[in-house]
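All remarks here apply to the structure that follows.
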Amino acid sequence: MAKTLNSIFFTSLLLVVLFISAEIPKSEASCTKFLGEAIVPYPCKESVCEAQCAEHYHESCRGECEDHDHGVHLTNDHEEHCHCYGHY
């Protein structure tokens with residue numbers, strides 16, 4: 001009887017861990033809705049960007065530093081922006 005209960009407990013625990021681990025990538029993958037930009041000092045750092053996104057957009061799930069090229073290649077005119085994303 002003890003072996004049966006032990007086996008049932010182990011199987012149940014294994015299923016719970018499997019279901020939880022399967023949900024983690026789904027929640028991270030759905031973080032693609034563009035919410036807006038946050039102001040950060042140059043050069044943009046991911047940790048600062050994420051903190052600013054969380055402060056300004058409460059539904060934000062990530063912030064990314066992205067380089068913008070304005071098409072002027074003679075002056076090397078690049079700007080870094082902090083883009084904030086949320087769940088759909």
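Letters for chains follow the order of the structure tokens (A, B, ...), residue numbers begin at 1 for each chain, and ligand numbers begin at 1 in the order shown.
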Exercise. Using only C-alpha atoms, determine which residues lie at most 12 Å from Ser47 in chain A, disregarding the query and same-chain residues fewer than 5 positions distant; provide the list as an NGL selection string.
Key: :A and (40-41 or 52-54 or 62-65 or 82)
| request: Excluding His83 in chain A and any residue of its chain fewer than 5 positions from it, enumerate the residues within 12 Å of it, using only C-alpha atoms, and give them as a PyMOL selection string. | output: chain A and resi 32-40+44-46+48-54+56-57+60-68
(request) Could you find all residues in range 27-65 of chain A that DSSP calls alpha helix (DSSP H) from the backbone, and write them as a PyMOL selection string? (result) chain A and resi 27-29+46-56
Emit the selected residues as a PDB file, in the first residue's frame, including N, CA, C and O atoms.
ATOM      1  N   SER A  27       4.226  32.591 -21.333  1.00  0.00           N
ATOM      2  CA  SER A  27       4.060  33.933 -20.809  1.00  0.00           C
ATOM      3  C   SER A  27       5.163  34.860 -21.305  1.00  0.00           C
ATOM      4  O   SER A  27       4.926  36.028 -21.564  1.00  0.00           O
ATOM      5  N   GLU A  28       6.378  34.359 -21.462  1.00  0.00           N
ATOM      6  CA  GLU A  28       7.471  35.179 -21.960  1.00  0.00           C
ATOM      7  C   GLU A  28       7.322  35.451 -23.451  1.00  0.00           C
ATOM      8  O   GLU A  28       7.665  36.526 -23.925  1.00  0.00           O
ATOM      9  N   ALA A  29       6.809  34.497 -24.189  1.00  0.00           N
ATOM     10  CA  ALA A  29       6.699  34.643 -25.631  1.00  0.00           C
ATOM     11  C   ALA A  29       5.617  35.645 -26.024  1.00  0.00           C
ATOM     12  O   ALA A  29       5.683  36.234 -27.087  1.00  0.00           O
ATOM     13  N   GLU A  46      20.254  47.785 -20.509  1.00  0.00           N
ATOM     14  CA  GLU A  46      19.048  46.960 -20.415  1.00  0.00           C
ATOM     15  C   GLU A  46      18.393  47.040 -19.036  1.00  0.00           C
ATOM     16  O   GLU A  46      17.178  47.136 -18.930  1.00  0.00           O
ATOM     17  N   SER A  47      19.182  47.008 -17.978  1.00  0.00           N
ATOM     18  CA  SER A  47      18.607  47.024 -16.627  1.00  0.00           C
ATOM     19  C   SER A  47      17.898  48.346 -16.342  1.00  0.00           C
ATOM     20  O   SER A  47      16.816  48.367 -15.743  1.00  0.00           O
ATOM     21  N   VAL A  48      18.484  49.463 -16.782  1.00  0.00           N
ATOM     22  CA  VAL A  48      17.873  50.778 -16.594  1.00  0.00           C
ATOM     23  C   VAL A  48      16.607  50.885 -17.447  1.00  0.00           C
ATOM     24  O   VAL A  48      15.576  51.402 -17.009  1.00  0.00           O
ATOM     25  N   CYS A  49      16.688  50.382 -18.662  1.00  0.00           N
ATOM     26  CA  CYS A  49      15.543  50.402 -19.577  1.00  0.00           C
ATOM     27  C   CYS A  49      14.364  49.623 -18.987  1.00  0.00           C
ATOM     28  O   CYS A  49      13.230  50.109 -18.984  1.00  0.00           O
ATOM     29  N   GLU A  50      14.621  48.435 -18.477  1.00  0.00           N
ATOM     30  CA  GLU A  50      13.539  47.630 -17.891  1.00  0.00           C
ATOM     31  C   GLU A  50      12.916  48.318 -16.686  1.00  0.00           C
ATOM     32  O   GLU A  50      11.709  48.302 -16.505  1.00  0.00           O
ATOM     33  N   ALA A  51      13.751  48.966 -15.869  1.00  0.00           N
ATOM     34  CA  ALA A  51      13.242  49.669 -14.691  1.00  0.00           C
ATOM     35  C   ALA A  51      12.367  50.859 -15.095  1.00  0.00           C
ATOM     36  O   ALA A  51      11.306  51.086 -14.504  1.00  0.00           O
ATOM     37  N   GLN A  52      12.788  51.596 -16.114  1.00  0.00           N
ATOM     38  CA  GLN A  52      12.000  52.740 -16.582  1.00  0.00           C
ATOM     39  C   GLN A  52      10.680  52.284 -17.202  1.00  0.00           C
ATOM     40  O   GLN A  52       9.644  52.919 -17.019  1.00  0.00           O
ATOM     41  N   CYS A  53      10.712  51.189 -17.938  1.00  0.00           N
ATOM     42  CA  CYS A  53       9.476  50.650 -18.534  1.00  0.00           C
ATOM     43  C   CYS A  53       8.495  50.237 -17.444  1.00  0.00           C
ATOM     44  O   CYS A  53       7.300  50.522 -17.539  1.00  0.00           O
ATOM     45  N   ALA A  54       8.993  49.579 -16.416  1.00  0.00           N
ATOM     46  CA  ALA A  54       8.129  49.145 -15.317  1.00  0.00           C
ATOM     47  C   ALA A  54       7.534  50.346 -14.592  1.00  0.00           C
ATOM     48  O   ALA A  54       6.389  50.296 -14.129  1.00  0.00           O
ATOM     49  N   GLU A  55       8.286  51.440 -14.513  1.00  0.00           N
ATOM     50  CA  GLU A  55       7.803  52.638 -13.820  1.00  0.00           C
ATOM     51  C   GLU A  55       6.751  53.387 -14.639  1.00  0.00           C
ATOM     52  O   GLU A  55       5.741  53.831 -14.099  1.00  0.00           O
ATOM     53  N   HIS A  56       6.972  53.497 -15.946  1.00  0.00           N
ATOM     54  CA  HIS A  56       6.080  54.297 -16.788  1.00  0.00           C
ATOM     55  C   HIS A  56       4.923  53.511 -17.395  1.00  0.00           C
ATOM     56  O   HIS A  56       3.879  54.078 -17.693  1.00  0.00           O
TER      57      HIS A  56
END
